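Colleague: Just one file: target15.json, with JSON, C-alpha atoms.
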```
[["chain", "number", "residue", "atom", "x", "y", "z"],
["A", 50, "MET", "CA", 123.41, 51.64, 33.71],
["A", 51, "SER", "CA", 125.07, 48.61, 32.14],
["A", 52, "SER", "CA", 125.57, 47.22, 28.66],
["A", 53, "ALA", "CA", 122.81, 45.13, 27.08],
["A", 54, "LEU", "CA", 122.83, 43.00, 23.96],
["A", 55, "LEU", "CA", 121.30, 44.82, 20.98],
["A", 56, "ASN", "CA", 118.09, 43.14, 19.82],
["A", 57, "SER", "CA", 118.19, 41.37, 16.46],
["A", 58, "LYS", "CA", 115.96, 43.92, 14.68],
["A", 59, "GLU", "CA", 118.14, 46.85, 15.74],
["A", 60, "ARG", "CA", 121.32, 44.88, 14.96],
["A", 61, "GLU", "CA", 120.04, 44.22, 11.45],
["A", 62, "ARG", "CA", 119.11, 47.90, 11.03],
["A", 63, "LEU", "CA", 122.55, 49.10, 12.16],
["A", 64, "LEU", "CA", 124.46, 46.61, 10.00],
["A", 65, "LYS", "CA", 122.35, 47.53, 6.98],
["A", 66, "TRP", "CA", 123.13, 51.23, 7.58],
["A", 67, "LEU", "CA", 126.89, 50.53, 7.87],
["A", 68, "GLU", "CA", 126.74, 48.59, 4.60],
["A", 69, "GLU", "CA", 124.67, 51.21, 2.77],
["A", 70, "ARG", "CA", 126.66, 54.21, 4.04],
["A", 71, "PHE", "CA", 130.20, 52.85, 4.08],
["A", 72, "GLY", "CA", 130.06, 49.55, 2.19],
["A", 73, "ILE", "CA", 131.16, 47.63, 5.29],
["A", 74, "ASP", "CA", 129.89, 44.10, 4.75],
["A", 75, "GLU", "CA", 127.70, 42.92, 7.64],
["A", 76, "ASN", "CA", 129.71, 39.68, 7.75],
["A", 77, "ARG", "CA", 132.57, 41.70, 9.30],
["A", 78, "PHE", "CA", 130.50, 41.74, 12.49],
["A", 79, "GLU", "CA", 129.72, 38.01, 12.70],
["A", 80, "GLU", "CA", 132.21, 37.52, 15.53],
["A", 81, "TYR", "CA", 131.07, 40.60, 17.44],
["A", 82, "ALA", "CA", 128.31, 41.19, 19.93],
["A", 83, "LEU", "CA", 126.67, 44.58, 19.55],
["A", 84, "LEU", "CA", 125.82, 46.08, 22.90],
["A", 85, "THR", "CA", 123.90, 49.17, 23.90],
["A", 86, "TYR", "CA", 125.12, 51.50, 26.58],
["A", 87, "GLY", "CA", 122.81, 54.48, 26.88],
["A", 88, "GLU", "CA", 122.68, 56.07, 23.44],
["A", 89, "GLN", "CA", 125.86, 54.32, 22.31],
["A", 90, "ILE", "CA", 126.28, 50.99, 20.53],
["A", 91, "ASN", "CA", 129.54, 49.14, 21.10],
["A", 92, "ALA", "CA", 131.12, 46.19, 19.31],
["A", 93, "ALA", "CA", 132.80, 43.51, 21.43],
["A", 94, "PRO", "CA", 134.09, 40.02, 20.65],
["A", 95, "LEU", "CA", 131.29, 37.49, 21.20],
["A", 96, "GLU", "CA", 132.98, 36.10, 24.32],
["A", 97, "ALA", "CA", 133.14, 39.55, 25.92],
["A", 98, "GLY", "CA", 129.50, 40.19, 25.02],
["A", 99, "GLU", "CA", 128.48, 36.98, 26.76],
["A", 100, "LEU", "CA", 130.53, 37.87, 29.83],
["A", 101, "SER", "CA", 129.11, 41.38, 30.09],
["A", 102, "ASP", "CA", 125.79, 40.04, 31.44],
["A", 103, "SER", "CA", 127.30, 37.72, 34.01],
["A", 104, "LEU", "CA", 129.79, 40.33, 35.22],
["A", 105, "ALA", "CA", 127.32, 43.21, 35.12],
["A", 106, "ALA", "CA", 129.93, 45.28, 33.27],
["A", 107, "LEU", "CA", 129.05, 48.93, 32.97],
["A", 108, "GLU", "CA", 130.36, 49.21, 29.44],
["A", 109, "THR", "CA", 131.83, 46.56, 27.17],
["A", 110, "GLY", "CA", 133.50, 46.93, 23.80],
["A", 111, "LEU", "CA", 134.55, 49.56, 21.31],
["A", 112, "PRO", "CA", 132.20, 52.50, 20.65],
["A", 113, "LEU", "CA", 130.79, 51.96, 17.15],
["A", 114, "VAL", "CA", 127.95, 54.49, 16.79],
["A", 115, "LYS", "CA", 125.88, 56.89, 18.82],
["A", 116, "VAL", "CA", 122.11, 56.85, 18.31],
["A", 117, "SER", "CA", 120.37, 60.23, 18.22],
["A", 118, "ARG", "CA", 116.94, 60.85, 19.71],
["A", 119, "ALA", "CA", 115.56, 60.70, 16.17],
["A", 120, "GLY", "CA", 117.10, 57.22, 15.77],
["A", 121, "MET", "CA", 119.86, 58.34, 13.39],
["A", 122, "TYR", "CA", 123.38, 56.94, 13.65],
["A", 123, "LYS", "CA", 126.58, 58.92, 14.17],
["A", 124, "PRO", "CA", 129.68, 56.78, 13.65],
["A", 125, "SER", "CA", 132.38, 57.00, 16.32],
["A", 126, "THR", "CA", 135.94, 57.85, 15.43],
["A", 127, "ARG", "CA", 137.32, 54.89, 17.37],
["A", 128, "GLY", "CA", 134.92, 52.45, 15.75],
["A", 129, "MET", "CA", 135.68, 53.71, 12.26],
["A", 130, "GLN", "CA", 139.42, 53.57, 12.91],
["A", 131, "VAL", "CA", 138.97, 49.83, 13.45],
["A", 132, "PHE", "CA", 136.16, 48.88, 11.05],
["A", 133, "GLY", "CA", 136.78, 51.64, 8.49],
["A", 134, "VAL", "CA", 139.51, 49.53, 6.87],
["A", 135, "TYR", "CA", 136.63, 47.50, 5.38],
["A", 136, "ALA", "CA", 134.79, 50.56, 3.98],
["A", 137, "THR", "CA", 134.36, 50.64, 0.22],
["A", 138, "LYS", "CA", 132.52, 53.96, -0.07],
["A", 139, "ASN", "CA", 132.17, 57.35, 1.60],
["A", 140, "THR", "CA", 135.82, 57.45, 2.52],
["A", 141, "VAL", "CA", 137.78, 60.63, 1.92],
["A", 142, "GLU", "CA", 141.56, 60.77, 1.61],
["A", 143, "VAL", "CA", 142.51, 64.09, 3.22],
["A", 144, "GLY", "CA", 146.28, 63.71, 3.49],
["A", 145, "SER", "CA", 148.39, 65.26, 6.23],
["A", 146, "SER", "CA", 147.41, 68.87, 5.59],
["A", 147, "GLY", "CA", 143.67, 68.10, 5.43],
["A", 148, "MET", "CA", 143.90, 66.05, 8.61],
["A", 149, "LYS", "CA", 145.70, 68.92, 10.34],
["A", 150, "ASP", "CA", 142.85, 71.25, 9.32],
["A", 151, "LEU", "CA", 140.27, 68.83, 10.72],
["A", 152, "VAL", "CA", 142.22, 68.29, 13.94],
["A", 153, "GLU", "CA", 142.46, 72.04, 14.41],
["A", 154, "GLY", "CA", 138.73, 72.41, 13.84],
["A", 155, "ARG", "CA", 138.85, 74.02, 10.40],
["A", 156, "ALA", "CA", 136.29, 72.91, 7.83],
["A", 157, "PHE", "CA", 137.27, 73.01, 4.19],
["A", 158, "PRO", "CA", 135.43, 72.83, 0.87],
["A", 159, "TRP", "CA", 134.42, 69.34, -0.17],
["A", 160, "PRO", "CA", 132.02, 68.58, -3.03],
["A", 161, "GLY", "CA", 131.09, 65.09, -1.83],
["A", 162, "GLU", "CA", 127.79, 63.50, -0.91],
["A", 163, "LYS", "CA", 126.08, 64.88, 2.19],
["A", 164, "GLY", "CA", 126.50, 62.81, 5.36],
["A", 165, "PHE", "CA", 129.18, 61.14, 7.44],
["A", 166, "VAL", "CA", 132.45, 60.07, 5.83],
["A", 167, "ILE", "CA", 135.49, 58.18, 7.05],
["A", 168, "VAL", "CA", 138.58, 60.34, 6.64],
["A", 169, "THR", "CA", 141.80, 58.58, 5.76],
["A", 170, "VAL", "CA", 145.45, 59.57, 5.73],
["A", 171, "ASP", "CA", 147.66, 57.52, 3.42],
["A", 172, "GLY", "CA", 144.78, 55.05, 3.06],
["A", 173, "PHE", "CA", 144.35, 54.42, 6.80],
["A", 174, "PRO", "CA", 141.11, 55.40, 8.59],
["A", 175, "ALA", "CA", 141.87, 58.31, 10.91],
["A", 176, "GLY", "CA", 138.39, 59.38, 11.97],
["A", 177, "VAL", "CA", 135.02, 60.73, 10.96],
["A", 178, "ALA", "CA", 133.91, 63.96, 9.32],
["A", 179, "LEU", "CA", 130.56, 65.31, 8.19],
["A", 180, "CYS", "CA", 130.06, 66.52, 4.65],
["A", 181, "ARG", "CA", 127.48, 69.29, 4.72],
["A", 182, "GLU", "CA", 126.80, 72.31, 2.51],
["A", 183, "GLY", "CA", 129.86, 71.58, 0.39],
["A", 184, "ARG", "CA", 132.23, 71.49, 3.36],
["A", 185, "LEU", "CA", 133.99, 68.78, 5.32],
["A", 186, "ILE", "CA", 133.50, 69.32, 9.06],
["A", 187, "SER", "CA", 135.52, 67.46, 11.69],
["A", 188, "GLN", "CA", 133.73, 65.05, 14.00],
["A", 189, "LEU", "CA", 136.94, 64.11, 15.80],
["A", 190, "PRO", "CA", 136.66, 64.07, 19.59],
["A", 191, "LYS", "CA", 138.42, 67.01, 21.27],
["A", 192, "MET", "CA", 140.16, 64.78, 23.82],
["A", 193, "MET", "CA", 141.75, 62.91, 20.94],
["A", 194, "THR", "CA", 142.83, 65.83, 18.78],
["A", 195, "SER", "CA", 144.89, 67.55, 21.47],
["A", 196, "SER", "CA", 147.58, 64.87, 21.27],
["A", 197, "MET", "CA", 147.15, 63.59, 17.71],
["A", 198, "GLU", "CA", 150.33, 63.22, 15.65],
["A", 199, "LEU", "CA", 150.92, 62.75, 11.95],
["A", 200, "SER", "CA", 153.54, 60.27, 10.75],
["A", 201, "GLY", "CA", 154.87, 60.05, 14.31],
["A", 202, "ARG", "CA", 156.98, 63.17, 13.71],
["A", 203, "GLU", "CA", 154.92, 66.32, 13.75],
["A", 204, "LYS", "CA", 152.62, 67.07, 16.70],
["A", 205, "LEU", "CA", 149.52, 68.81, 15.38],
["A", 206, "GLY", "CA", 148.64, 72.24, 16.59],
["A", 207, "GLU", "CA", 152.23, 73.29, 17.25]]
```
I'd like the structure from this file rewritten - as structure tokens, please.
Modeller:
Amino acid sequence: MSSALLNSKERERLLKWLEERFGIDENRFEEYALLTYGEQINAAPLEAGELSDSLAALETGLPLVKVSRAGMYKPSTRGMQVFGVYATKNTVEVGSSGMKDLVEGRAFPWPGEKGFVIVTVDGFPAGVALCREGRLISQLPKMMTSSMELSGREKLGE
């Protein structure tokens, strides 16, 4: 399996969703190719997207979203750490203690709108959580949380 350029209809659908859900202006992606790799959509600089075909690269770019069988999008932590700085809505400032809870897999009460949110610490996108049934539930990848640090001083989980 290799990466393939996302067709224009699906690109438009994804960019519209990112704008509606997070307020990320679609113009932020003008200089990026959006490529599919299985059920994942990656963002890569246009030059890399063009090269991916000629090099037959297995996977090119930064994971942006995963597409479910029902066609719904799940934002990736890595993608939102990069593009989440442009989000104008559905961001949640959790602070150090809230981030520690999420990293350690603990959900906590959150009265926000149902759906995916970008969690921030001190205003910087740190990852993705799911707001459901009045709770904020971590969507951080396990391989990432085992070594995550806050403020470069305190290793989480110790």
Colleague: So, with only C-alpha atoms as the atoms that count, which of A:Gly164, A:Asp74, A:Asn91, A:Glu79 lies closest to Thr140 (chain A)?
Modeller: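 That would be A:Gly164, the residue with the smallest distance to Thr140 (chain A).
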Colleague: Record the distance separating CA of Thr137 (chain A) and CA of Ile73 (chain A), expressed in Å with one decimal.
Modeller: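 Computing the Euclidean distance for CA of Thr137 (chain A) and CA of Ile73 (chain A) yields 6.7 Å.
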Colleague: Residues at most 7 Å from region 128-131 of chain A, counting all atoms listed in the file, excluding those fewer than 4 positions away in the same chain, as a VMD selection string?
Modeller: chain A and resid 111 to 113 124 167 174 to 176
Colleague: Go ahead and write the residues just picked, C-alpha atoms, as a compact mmCIF listing (two decimals), in the coordinates of the input.
Modeller:
```
# COMPACT_ATOMS: atom_id res chain seq x y z
CA LEU A 111 134.55 49.56 21.31
CA PRO A 112 132.20 52.50 20.65
CA LEU A 113 130.79 51.96 17.15
CA PRO A 124 129.68 56.78 13.65
CA ILE A 167 135.49 58.18 7.05
CA PRO A 174 141.11 55.40 8.59
CA ALA A 175 141.87 58.31 10.91
CA GLY A 176 138.39 59.38 11.97
```
Colleague: Do you have the CA of Thr126 (chain A)-CA of Val152 (chain A) distance handy?
Modeller: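 About the pair CA of Thr126 (chain A) and CA of Val152 (chain A): they are 12.3 Å apart.
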Colleague: With all atoms listed in the file as the basis for distance, which of A:Leu185, A:Gly147, A:Tyr122, A:Val170 is at the shortest distance from Arg70 (chain A)?
Modeller: A:Tyr122
Colleague: So how far away is CA of Val168 (chain A) from CA of Glu153 (chain A), in Å?
Modeller: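 Computed distance, CA of Glu153 (chain A) to CA of Val168 (chain A), equals 14.6 Å.
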Colleague: Nearest to Asn139 (chain A) among A:Glu88, A:Glu162, A:Asp171, A:Glu80, with distances taken over only C-alpha atoms: which residue is it?
Modeller: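 Residue with the minimum atom-to-atom distance to Asn139 (chain A): A:Glu162.
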Colleague: Which residue is closest to Glu68 (chain A)? Choose from A:Arg155, A:Gly161, A:Glu96, A:Gly133 and count only C-alpha atoms.
Modeller: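 Of the candidates, the smallest distance to Glu68 (chain A) is held by A:Gly133.
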Colleague: Using only C-alpha atoms, which of A:Leu151, A:Ala92, A:Leu55, A:Leu84 sits nearest Lys191 (chain A)?
Modeller: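 Residue with the minimum atom-to-atom distance to Lys191 (chain A): A:Leu151.
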Colleague: Restricting the calculation to only C-alpha atoms, which member of A:Gln188, A:Gln89, A:Thr169, A:Ser57 is positioned closest to Ala136 (chain A)?
Modeller: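 Under the stated criterion, the closest residue is A:Thr169.
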Colleague: What's the 8 Å shell around Tyr81 (chain A), counting all atoms listed in the file, without same-chain residues fewer than 2 positions away, as a ChimeraX atom specification?
Modeller: /A:78-79,83,92-95,98
